[in-house]
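J.: The following block contains the structure, expressed as structure tokens.
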Amino acid sequence: MDIVLVPGPQPDGAAWEPVATMIKKAGHRPHPLAWAPADQVAAVVSVIDTCSTQVLLVGHAEGAGIAYAALDARPDRVVRLIMVDGSAPPPPLTDPAGLDVPVTIADSAAPPLSGDEPSGGLSKIKEVERLWLPADPRPDDLAGIILGSVPVTGKQFVEAGGTGDWRLGMGGAGAHFTASSFGQGLALATKLADLADGGNRRIDVDLRREGVTVTLDLRFSSFIHRDIEVARRISAAAGEVGMSADPSKLHSLNIMFHPTAESIRPFWQAALGWDERGEEDLADPLRRGPNVQFFGLEEIKPGDPQFHLDVTVGHDVAEARVAAVVAAGGRLVNDKFAPFWWTLADAEGNLVDIATGVGREEHWGWPFAPDDPAAEPD
């Protein structure tokens, strides 16, 4: 991956040299810039334009504001912006597309409180991650944050060591840990509190008397390397309180309407009170309910189903779930997309897709180009 490094007001880009060396060693392409305040934004945009893929954009100190301005100029070319020890909150972006680009803020000031929200132009960004840096960060501290922000595919996530408890779907990835008591589940949830508040706030914890379901939410971005480490830490925390994973308990539900979003989405948004997500979806702002998506099928004949349900389960239980549906009176309508999904109908013609996440890169994780030399997760 191309990683563009924008410095603060040093006489040259030497401050990035050891960080760039570590990035290159990890298999990525660093582009360290020199400080040139008169035309710095134009210089950053020029480098972005020379890269063949989307870039990870990093700005340090005053360079954080420069990188933010470059994001505003090229929102479609930036996969994530990292602002290291930036100063004043930036102004609102002029291009609304920039609001969809996730931002990581790494600061050596006091760690943010759990209720802190981004200010200035960052308040409208859909995903803002807050990380704390040591007061005098070393090059490996900076390199760790940058490399941890590199996107990975869903396949890389599930195949990384230490993520065996996790399954794709659930809005991103999820793990369920069984509990012998509510108190045991609460002990795990308590262990996860600091992890959830101190990072990118993707972590949702559902505590029930039967156990704890933890979700890494990916509604607005892709997996990054740091998610792999977070998943490992969550599994380790469950082990510390004596809880084990049961992936068979995991599933996610989507409601898939067949008409176009323009024709019926306003009705369903008003009925549900949910937020728009992109051009086709509705999403529960508290992530409790299923996504609602509008397919916009070209032709819907009288009597055709107006919607179907999409049930995503773990890849290792999908075929058994399909067999159970057939045994319960279901009819297999389409299996040409298996093992990604099977379409089945009940006795009245109502449809359900039984889906899995593995291999569905367009939904989970980052779709790297075949020739991108992105490093495999450690």
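By order in the structure tokens, chains are A, B, ...; within a chain, residues start at 1; ligands start at 1, following the order shown.
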Quick one: everything within 9 Å of Gly211 of chain A, counting only C-alpha atoms, minus sequence neighbours fewer than 2 positions away in the same chain. Send it as JSON, numbers by chain.
T.: {"A": [176, 177, 178, 179, 180, 181, 182, 184, 185, 206, 207, 208, 209, 213, 243]}
J.: Would you mind exporting the chosen residues as a PDB file, in the first residue's frame, restricted to C-alpha atoms?
T.:
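Output contents, as saved in again.pdb:
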ATOM      1  CA  HIS A 176     -19.823 -15.076  21.230  1.00  0.00           C
ATOM      2  CA  PHE A 177     -18.498 -16.245  24.599  1.00  0.00           C
ATOM      3  CA  THR A 178     -20.719 -18.447  26.759  1.00  0.00           C
ATOM      4  CA  ALA A 179     -21.145 -17.633  30.447  1.00  0.00           C
ATOM      5  CA  SER A 180     -22.095 -19.715  33.449  1.00  0.00           C
ATOM      6  CA  SER A 181     -23.640 -16.666  35.125  1.00  0.00           C
ATOM      7  CA  PHE A 182     -24.509 -13.050  34.483  1.00  0.00           C
ATOM      8  CA  GLN A 184     -19.120 -13.946  34.723  1.00  0.00           C
ATOM      9  CA  GLY A 185     -20.324 -12.161  31.601  1.00  0.00           C
ATOM     10  CA  ASP A 206     -24.079  -7.364  24.170  1.00  0.00           C
ATOM     11  CA  LEU A 207     -24.318  -8.814  27.690  1.00  0.00           C
ATOM     12  CA  ARG A 208     -26.961 -11.484  28.340  1.00  0.00           C
ATOM     13  CA  ARG A 209     -27.272 -14.122  31.019  1.00  0.00           C
ATOM     14  CA  THR A 213     -21.444 -11.208  22.100  1.00  0.00           C
ATOM     15  CA  MET A 243     -15.289 -18.082  29.152  1.00  0.00           C
TER      16      MET A 243
END
J.: Determine, for each residue of segment 114-210 of chain A having at least one atom at most 8 Å from an atom of segment 309-333 of chain A, the closest pair of atoms and their separation in Å to one decimal, counting only C-alpha atoms; order by chain and ascending number, as a Markdown table.
T.:
| residue | atom | partner | partner_atom | distance |
| --- | --- | --- | --- | --- |
| A:Arg167 | CA | A:Gly314 | CA | 5.5 |
| A:Leu168 | CA | A:Gly314 | CA | 6.9 |
| A:Gly169 | CA | A:Thr312 | CA | 6.0 |
| A:Met170 | CA | A:Thr312 | CA | 7.5 |
J.: Would you write out those residues with C-alpha atoms, as a compact mmCIF listing (two decimals), in the first residue's frame?
T.:
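As written to disk, selection_5.txt reads:
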# COMPACT_ATOMS: atom_id res chain seq x y z
CA ARG A 167 -16.77 -14.94 12.27
CA LEU A 168 -17.50 -12.44 9.50
CA GLY A 169 -20.90 -10.80 9.34
CA MET A 170 -22.59 -9.18 12.35
J.: So how many Å separate atom CA of Ala64 of chain A and atom CA of Val45 of chain A, to one decimal?
T.: 13.9 Å
J.: Considering only C-alpha atoms, can you say which of A:Arg130, A:His31, A:His225, A:Lys249 comes closest to Ala175 of chain A?
T.: A:Lys249
J.: Let me make sure I understand: among A:Val6, A:Asn291, A:Ser119, A:Glu129, which one has the smallest atom-to-atom distance to Leu71 of chain A if we use only C-alpha atoms?
T.: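 Result for the nearest residue to Leu71 of chain A: A:Val6.
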J.: Grab the atom CA of Thr50 of chain A to atom CA of Gly121 of chain A distance for me, in Å with one decimal place.
T.: 27.1 Å
J.: Between A:Ala338, A:Val84, A:Val55, A:Leu195, which residue has the minimum interatomic distance to Leu216 of chain A, considering only C-alpha atoms?
T.: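 Using only C-alpha atoms, Leu216 of chain A sits closest to A:Leu195.
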J.: Which of segment 64-110 of chain A counts as helix (DSSP H, G or I) under DSSP, as a ChimeraX atom specification please?
T.: /A:64-73,75-77,96-100
J.: Pick out the residues sitting within 7 Å of Leu133 of chain A, and hand them over as a ChimeraX atom specification; count only C-alpha atoms, and ignore anything fewer than 2 positions along from it in its own chain.
T.: /A:106-108,131,135,137
J.: Compile the contact shell of Phe257 of chain A as a ChimeraX atom specification: residues with an atom at most 10 Å away, counting only C-alpha atoms, same-chain residues fewer than 5 positions apart removed.
T.: /A:264-265,281,292-297,305-309
J.: Atoms to include: C-alpha atoms. Write the selected residues as a JSON list (two decimals), in the first residue's frame.
T.:
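Result file follows (selection28.json):
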[["chain", "number", "residue", "atom", "x", "y", "z"],
["A", 264, "ILE", "CA", -39.97, 3.32, -0.58],
["A", 265, "ARG", "CA", -36.93, 4.25, 1.55],
["A", 281, "ASP", "CA", -29.44, 1.34, 3.11],
["A", 292, "VAL", "CA", -32.42, -2.46, 5.67],
["A", 293, "GLN", "CA", -31.28, -2.48, 2.05],
["A", 294, "PHE", "CA", -33.13, -1.65, -1.17],
["A", 295, "PHE", "CA", -32.15, -3.74, -4.17],
["A", 296, "GLY", "CA", -33.88, -1.84, -6.94],
["A", 297, "LEU", "CA", -34.67, -4.89, -9.07],
["A", 305, "PRO", "CA", -41.87, -11.26, -3.28],
["A", 306, "GLN", "CA", -41.26, -7.64, -2.29],
["A", 307, "PHE", "CA", -38.43, -8.44, 0.09],
["A", 308, "HIS", "CA", -36.31, -11.27, 1.44],
["A", 309, "LEU", "CA", -34.30, -11.85, 4.59]]
J.: Residues near Ala283 of chain A, anyone? I mean within 9 Å using only C-alpha atoms, not counting same-chain ones fewer than 6 positions away, as an mmCIF file with C-alpha atoms, in the first residue's frame.
T.:
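The resulting around12.cif:
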data_model
loop_
_atom_site.group_PDB
_atom_site.id
_atom_site.type_symbol
_atom_site.label_atom_id
_atom_site.label_comp_id
_atom_site.auth_asym_id
_atom_site.auth_seq_id
_atom_site.Cartn_x
_atom_site.Cartn_y
_atom_site.Cartn_z
ATOM 1 C CA ARG A 219 -20.470 -0.087 8.853
ATOM 2 C CA TRP A 274 -33.223 4.983 11.439
ATOM 3 C CA ASP A 275 -30.336 6.716 9.677
ATOM 4 C CA GLU A 276 -29.521 6.657 5.999
ATOM 5 C CA ARG A 277 -26.444 4.614 5.193
ATOM 6 C CA GLY A 289 -31.589 -3.964 14.596
ATOM 7 C CA PRO A 290 -30.884 -5.337 11.141
ATOM 8 C CA ASN A 291 -29.738 -3.237 8.218
ATOM 9 C CA VAL A 292 -32.416 -2.455 5.670
ATOM 10 C CA GLN A 293 -31.282 -2.477 2.048
#
J.: Find the residues around Leu93 of chain A up to 12 Å (only C-alpha atoms counted), leave out those fewer than 2 positions away in its own chain, and share them as a PyMOL selection string.
T.: chain A and resi 65+68-75+89-91+95-101+120-125
J.: Among segment 80-317 of chain A, which ones does DSSP place in strand (DSSP E or B), written as a ChimeraX atom specification?
T.: /A:80-84,103-107,128-132,151,153,167-169,172-178,203-208,211-217,224,245,251-257,275-277,281-283,291-294,307-313
J.: Could you check which of A:Thr163, A:Thr260, A:Ser222, A:Gln269 is closest to Ala236 of chain A, using only C-alpha atoms?
T.: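 Using only C-alpha atoms, the shortest distance to Ala236 of chain A belongs to A:Thr163.
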